[in-house]
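Visitor: Here you go, one structure.
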Amino acid sequence: MTRIEIEEKVNNFLIEEIELEEDALERNALLTKDLGIDSLDFVDIVVIVERTFGYKIKPEEMKDVRTLNDFYDYIEAKVNN
């Protein structure tokens, strides 16, 4: 899966499922501070990522994921390995 496909899928579920505004989805946006993703949203994201990409997120692997770009990188590394 290409980086562009991953970014599109992530952005789509963030807009449709988590109900974020499209214009807020900037690469350097902080997931919690800028996008307002909280622990309940994260539970939903785990389920959506598993359904969309076939990979289950492990919380300990997310400790360095702070920005949306970090999240794209994380998904890309898991999906393409």
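Residues are referred to by chain and number: the chain letter is A, B, ... according to the order shown in the structure tokens, the number counts from 1 in that chain, and ligands are numbered separately from 1 in the order shown.
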Please identify all polymer residues within 12 Å of Lys78 of chain A, counting only C-alpha atoms, omitting same-chain residues fewer than 3 positions from it, and present them as a short mmCIF file (atom, residue, chain, number, x, y, z; two decimals) with N, CA, C and O atoms, in the first residue's frame.
Guide:
data_model
loop_
_atom_site.label_atom_id
_atom_site.label_comp_id
_atom_site.auth_asym_id
_atom_site.auth_seq_id
_atom_site.Cartn_x
_atom_site.Cartn_y
_atom_site.Cartn_z
N MET A 1 0.85 -1.17 0.00
CA MET A 1 0.00 0.00 0.00
C MET A 1 0.90 1.24 0.00
O MET A 1 1.87 1.30 0.75
N ARG A 3 2.04 5.28 0.44
CA ARG A 3 1.89 6.29 1.49
C ARG A 3 0.63 7.13 1.24
O ARG A 3 -0.12 7.43 2.17
N ILE A 6 -2.43 5.24 2.28
CA ILE A 6 -2.53 5.19 3.74
C ILE A 6 -3.04 6.51 4.28
O ILE A 6 -3.96 6.55 5.11
N VAL A 49 -8.50 0.93 12.63
CA VAL A 49 -7.23 0.55 12.00
C VAL A 49 -7.19 -0.96 11.77
O VAL A 49 -6.78 -1.41 10.70
N GLU A 50 -7.66 -1.71 12.74
CA GLU A 50 -7.69 -3.17 12.57
C GLU A 50 -8.59 -3.56 11.40
O GLU A 50 -8.23 -4.40 10.57
N PHE A 53 -6.84 -1.77 7.99
CA PHE A 53 -5.49 -2.17 7.59
C PHE A 53 -5.13 -3.59 7.98
O PHE A 53 -4.07 -4.09 7.61
N GLY A 54 -5.97 -4.24 8.78
CA GLY A 54 -5.68 -5.61 9.20
C GLY A 54 -4.58 -5.71 10.23
O GLY A 54 -3.93 -6.74 10.37
N TYR A 55 -4.34 -4.65 10.97
CA TYR A 55 -3.29 -4.63 11.97
C TYR A 55 -3.84 -4.08 13.28
O TYR A 55 -4.51 -3.06 13.29
N LYS A 56 -3.55 -4.75 14.38
CA LYS A 56 -3.99 -4.29 15.69
C LYS A 56 -2.90 -3.43 16.33
O LYS A 56 -1.76 -3.86 16.46
N ILE A 57 -3.28 -2.23 16.70
CA ILE A 57 -2.36 -1.30 17.34
C ILE A 57 -2.07 -1.78 18.76
O ILE A 57 -2.97 -2.12 19.51
N LYS A 58 -0.79 -1.75 19.11
CA LYS A 58 -0.37 -2.06 20.47
C LYS A 58 -0.02 -0.73 21.15
O LYS A 58 0.81 0.02 20.63
N GLU A 61 3.52 0.57 21.35
CA GLU A 61 4.16 0.99 20.09
C GLU A 61 3.79 2.43 19.73
O GLU A 61 4.44 3.04 18.89
N MET A 62 2.77 2.96 20.38
CA MET A 62 2.29 4.30 20.05
C MET A 62 2.91 5.39 20.92
O MET A 62 2.59 6.56 20.76
N PHE A 71 1.69 9.26 13.01
CA PHE A 71 0.68 8.21 12.89
C PHE A 71 0.72 7.59 11.50
O PHE A 71 0.66 6.37 11.36
N TYR A 72 0.83 8.43 10.46
CA TYR A 72 0.98 7.91 9.10
C TYR A 72 2.20 6.99 9.01
O TYR A 72 2.14 5.91 8.43
N ASP A 73 3.33 7.47 9.58
CA ASP A 73 4.57 6.68 9.55
C ASP A 73 4.37 5.33 10.24
O ASP A 73 4.83 4.30 9.74
N TYR A 74 3.72 5.35 11.39
CA TYR A 74 3.47 4.12 12.16
C TYR A 74 2.65 3.13 11.33
O TYR A 74 3.02 1.96 11.21
N ILE A 75 1.54 3.60 10.75
CA ILE A 75 0.67 2.73 9.95
C ILE A 75 1.44 2.20 8.74
O ILE A 75 1.39 1.02 8.44
N ASN A 81 5.22 -4.05 6.27
CA ASN A 81 6.21 -5.02 6.77
C ASN A 81 5.65 -6.41 6.79
O ASN A 81 4.54 -6.69 6.77
#
Visitor: Report as a list of chain:residue names all protein, DNA and RNA residues lying within 9 Å of Leu35 of chain A, evaluated on only C-alpha atoms, omitting residues in the same chain fewer than 2 positions from it.
Guide: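 The residues satisfying every condition are A:Leu20, A:Glu21, A:Ala24, A:Leu25, A:Ala29, A:Leu30, A:Leu31, A:Thr32, A:Lys33, A:Ile37, A:Leu68.
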Visitor: With only C-alpha atoms as the counted atoms, please give the residues lying no more than 9 Å from Ile18 of chain A, apart from itself and same-chain residues fewer than 6 positions off, as a PDB file with C-alpha atoms, in the first residue's frame.
Guide:
ATOM      1  CA  ILE A  37      -8.177  12.924  20.089  1.00  0.00           C
ATOM      2  CA  ASP A  41     -11.380   8.250  20.319  1.00  0.00           C
ATOM      3  CA  ASP A  44     -12.340   3.707  18.173  1.00  0.00           C
ATOM      4  CA  ILE A  45      -9.177   4.304  16.142  1.00  0.00           C
TER       5      ILE A  45
END
Visitor: Distance atom CA of Asn69 of chain A-atom CA of Asn28 of chain A, one decimal place?
Guide: 6.2 Å
Visitor: At what distance in Å, to one decimal, does atom CA of Ala77 of chain A lie from atom CA of Val47 of chain A?
Guide: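 Taking atom CA of Val47 of chain A and atom CA of Ala77 of chain A, their separation equals 18.1 Å.
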Visitor: Where does DSSP see alpha helix (DSSP H) in chain A, if you list the residues as a JSON list (two decimals) with N, CA and C atoms, in the first residue's frame?
Guide:
[["chain", "number", "residue", "atom", "x", "y", "z"],
["A", 3, "ARG", "N", 2.04, 5.28, 0.44],
["A", 3, "ARG", "CA", 1.89, 6.29, 1.49],
["A", 3, "ARG", "C", 0.63, 7.13, 1.24],
["A", 4, "ILE", "N", 0.40, 7.48, 0.00],
["A", 4, "ILE", "CA", -0.77, 8.30, -0.34],
["A", 4, "ILE", "C", -2.06, 7.55, 0.01],
["A", 5, "GLU", "N", -2.12, 6.27, -0.30],
["A", 5, "GLU", "CA", -3.31, 5.47, 0.04],
["A", 5, "GLU", "C", -3.52, 5.40, 1.55],
["A", 6, "ILE", "N", -2.43, 5.24, 2.28],
["A", 6, "ILE", "CA", -2.53, 5.19, 3.74],
["A", 6, "ILE", "C", -3.04, 6.51, 4.28],
["A", 7, "GLU", "N", -2.47, 7.62, 3.82],
["A", 7, "GLU", "CA", -2.90, 8.93, 4.29],
["A", 7, "GLU", "C", -4.37, 9.17, 3.97],
["A", 8, "GLU", "N", -4.80, 8.80, 2.77],
["A", 8, "GLU", "CA", -6.21, 8.98, 2.40],
["A", 8, "GLU", "C", -7.13, 8.16, 3.29],
["A", 9, "LYS", "N", -6.78, 6.91, 3.55],
["A", 9, "LYS", "CA", -7.62, 6.05, 4.39],
["A", 9, "LYS", "C", -7.67, 6.59, 5.82],
["A", 10, "VAL", "N", -6.53, 6.99, 6.36],
["A", 10, "VAL", "CA", -6.48, 7.53, 7.72],
["A", 10, "VAL", "C", -7.31, 8.81, 7.79],
["A", 11, "ASN", "N", -7.10, 9.72, 6.85],
["A", 11, "ASN", "CA", -7.86, 10.97, 6.85],
["A", 11, "ASN", "C", -9.35, 10.71, 6.73],
["A", 12, "ASN", "N", -9.73, 9.77, 5.86],
["A", 12, "ASN", "CA", -11.15, 9.46, 5.70],
["A", 12, "ASN", "C", -11.78, 8.97, 6.99],
["A", 13, "PHE", "N", -11.13, 8.06, 7.70],
["A", 13, "PHE", "CA", -11.76, 7.58, 8.93],
["A", 13, "PHE", "C", -11.70, 8.63, 10.04],
["A", 14, "LEU", "N", -10.69, 9.49, 10.03],
["A", 14, "LEU", "CA", -10.67, 10.55, 11.03],
["A", 14, "LEU", "C", -11.80, 11.54, 10.81],
["A", 15, "ILE", "N", -12.12, 11.80, 9.56],
["A", 15, "ILE", "CA", -13.21, 12.71, 9.23],
["A", 15, "ILE", "C", -14.56, 12.05, 9.46],
["A", 16, "GLU", "N", -14.74, 10.84, 8.95],
["A", 16, "GLU", "CA", -16.05, 10.18, 8.99],
["A", 16, "GLU", "C", -16.36, 9.55, 10.34],
["A", 39, "SER", "N", -8.84, 9.48, 24.85],
["A", 39, "SER", "CA", -8.72, 8.03, 25.04],
["A", 39, "SER", "C", -9.89, 7.26, 24.44],
["A", 40, "LEU", "N", -11.09, 7.83, 24.47],
["A", 40, "LEU", "CA", -12.24, 7.16, 23.85],
["A", 40, "LEU", "C", -12.11, 7.12, 22.33],
["A", 41, "ASP", "N", -11.63, 8.22, 21.76],
["A", 41, "ASP", "CA", -11.38, 8.25, 20.32],
["A", 41, "ASP", "C", -10.32, 7.22, 19.95],
["A", 42, "PHE", "N", -9.30, 7.10, 20.79],
["A", 42, "PHE", "CA", -8.22, 6.16, 20.51],
["A", 42, "PHE", "C", -8.74, 4.72, 20.46],
["A", 43, "VAL", "N", -9.68, 4.39, 21.33],
["A", 43, "VAL", "CA", -10.28, 3.04, 21.31],
["A", 43, "VAL", "C", -10.95, 2.81, 19.96],
["A", 44, "ASP", "N", -11.69, 3.81, 19.49],
["A", 44, "ASP", "CA", -12.34, 3.71, 18.17],
["A", 44, "ASP", "C", -11.30, 3.57, 17.07],
["A", 45, "ILE", "N", -10.23, 4.34, 17.16],
["A", 45, "ILE", "CA", -9.18, 4.30, 16.14],
["A", 45, "ILE", "C", -8.54, 2.93, 16.07],
["A", 46, "VAL", "N", -8.31, 2.29, 17.22],
["A", 46, "VAL", "CA", -7.74, 0.95, 17.25],
["A", 46, "VAL", "C", -8.61, -0.02, 16.45],
["A", 47, "VAL", "N", -9.92, 0.04, 16.68],
["A", 47, "VAL", "CA", -10.86, -0.84, 15.97],
["A", 47, "VAL", "C", -10.87, -0.53, 14.48],
["A", 48, "ILE", "N", -10.88, 0.75, 14.14],
["A", 48, "ILE", "CA", -10.93, 1.15, 12.73],
["A", 48, "ILE", "C", -9.65, 0.74, 12.00],
["A", 49, "VAL", "N", -8.50, 0.93, 12.63],
["A", 49, "VAL", "CA", -7.23, 0.55, 12.00],
["A", 49, "VAL", "C", -7.19, -0.96, 11.77],
["A", 50, "GLU", "N", -7.66, -1.71, 12.74],
["A", 50, "GLU", "CA", -7.69, -3.17, 12.57],
["A", 50, "GLU", "C", -8.59, -3.56, 11.40],
["A", 51, "ARG", "N", -9.74, -2.94, 11.32],
["A", 51, "ARG", "CA", -10.69, -3.23, 10.24],
["A", 51, "ARG", "C", -10.16, -2.76, 8.88],
["A", 52, "THR", "N", -9.54, -1.59, 8.85],
["A", 52, "THR", "CA", -9.10, -0.99, 7.59],
["A", 52, "THR", "C", -7.79, -1.57, 7.07],
["A", 53, "PHE", "N", -6.84, -1.77, 7.99],
["A", 53, "PHE", "CA", -5.49, -2.17, 7.59],
["A", 53, "PHE", "C", -5.13, -3.59, 7.98],
["A", 68, "LEU", "N", 0.13, 13.76, 13.53],
["A", 68, "LEU", "CA", -0.56, 13.01, 12.49],
["A", 68, "LEU", "C", 0.45, 12.35, 11.56],
["A", 69, "ASN", "N", 1.53, 13.05, 11.24],
["A", 69, "ASN", "CA", 2.56, 12.46, 10.39],
["A", 69, "ASN", "C", 3.21, 11.24, 11.05],
["A", 70, "ASP", "N", 3.43, 11.31, 12.37],
["A", 70, "ASP", "CA", 3.94, 10.15, 13.11],
["A", 70, "ASP", "C", 2.98, 8.96, 12.96],
["A", 71, "PHE", "N", 1.69, 9.26, 13.01],
["A", 71, "PHE", "CA", 0.68, 8.21, 12.89],
["A", 71, "PHE", "C", 0.72, 7.59, 11.50],
["A", 72, "TYR", "N", 0.83, 8.43, 10.46],
["A", 72, "TYR", "CA", 0.98, 7.91, 9.10],
["A", 72, "TYR", "C", 2.20, 6.99, 9.01],
["A", 73, "ASP", "N", 3.33, 7.47, 9.58],
["A", 73, "ASP", "CA", 4.57, 6.68, 9.55],
["A", 73, "ASP", "C", 4.37, 5.33, 10.24],
["A", 74, "TYR", "N", 3.72, 5.35, 11.39],
["A", 74, "TYR", "CA", 3.47, 4.12, 12.16],
["A", 74, "TYR", "C", 2.65, 3.13, 11.33],
["A", 75, "ILE", "N", 1.54, 3.60, 10.75],
["A", 75, "ILE", "CA", 0.67, 2.73, 9.95],
["A", 75, "ILE", "C", 1.44, 2.20, 8.74],
["A", 76, "GLU", "N", 2.17, 3.08, 8.07],
["A", 76, "GLU", "CA", 2.93, 2.66, 6.89],
["A", 76, "GLU", "C", 3.95, 1.58, 7.24],
["A", 77, "ALA", "N", 4.66, 1.74, 8.33],
["A", 77, "ALA", "CA", 5.65, 0.75, 8.74],
["A", 77, "ALA", "C", 5.00, -0.60, 9.05],
["A", 78, "LYS", "N", 3.84, -0.59, 9.69],
["A", 78, "LYS", "CA", 3.17, -1.83, 10.06],
["A", 78, "LYS", "C", 2.54, -2.51, 8.85],
["A", 79, "VAL", "N", 1.92, -1.73, 8.00],
["A", 79, "VAL", "CA", 1.21, -2.30, 6.85],
["A", 79, "VAL", "C", 2.18, -2.86, 5.81]]
